[in-house]
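> Let me give you the structure first, and then I'll get to my questions.
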Amino acid sequence: METNGTNHHSRENRPSTGSNNANRGQSTKEEVFVNQAQMTWHEVRRQWAGDQSQKSRRIAREPIMSWTTTYEDLLCSTERFQQPIPLAEMVDFLVDTWHEEGLYD
């Protein structure tokens, strides 16, 4: 068991331990393993998720649904909301409603 806190399975940034002894004596510079798959994964993730440093932090805003809105108000109405309701707000509303009705513990 290692005591220096490093992962003995990680080869990243460690010298290559190839079995080709012919090249070993010719070069004094040791090769460093570069995990190309990991680098590609991070790049694709960055493209998919977007650059988080460029996104502005969301400012807290007033809820779209009134605090007096009931579950029945939502079910009985066929009218569209004036603006989209954020998922987090709808989840909070439903959880609160379910708690009140004893459906969510």
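Each chain of the structure tokens is named A, B, ... in the order shown, its residues numbered from 1; ligands are numbered from 1 in display order.
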Identify, on the basis of only C-alpha atoms, every residue whose closest approach to region 61-72 of chain A does not exceed 8 Å; exclude the query and any residue fewer than 6 positions from it along the same chain; express the result as a ChimeraX atom specification.

/A:83,85,89,94,97

> Selected residues, C-alpha atoms, written as a short mmCIF file (atom, residue, chain, number, x, y, z; two decimals), in the first residue's frame, please.


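Dumped everything to again_11.cif:
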```
data_model
loop_
_atom_site.label_atom_id
_atom_site.label_comp_id
_atom_site.auth_asym_id
_atom_site.auth_seq_id
_atom_site.Cartn_x
_atom_site.Cartn_y
_atom_site.Cartn_z
CA GLN A 83 -44.32 32.28 -19.27
CA ILE A 85 -42.15 27.69 -15.33
CA GLU A 89 -39.91 25.77 -9.28
CA LEU A 94 -45.25 19.54 -6.35
CA THR A 97 -48.25 19.87 -2.36
#
```

> For CA of Asp92 (chain A) and CA of Arg46 (chain A), quote the distance in Å rounded to one decimal.

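Calculated distance between CA of Asp92 (chain A) and CA of Arg46 (chain A) is 29.6 Å.
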
> Suppose you want the space between CA of Phe93 (chain A) and CA of Leu74 (chain A); what is it in Å?

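According to the coordinates, CA of Phe93 (chain A) and CA of Leu74 (chain A) are separated by 10.8 Å.
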
> Take CA of Leu103 (chain A) and CA of Thr78 (chain A) and report the distance between them in Å, one decimal.

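It comes out at 24.9 Å.
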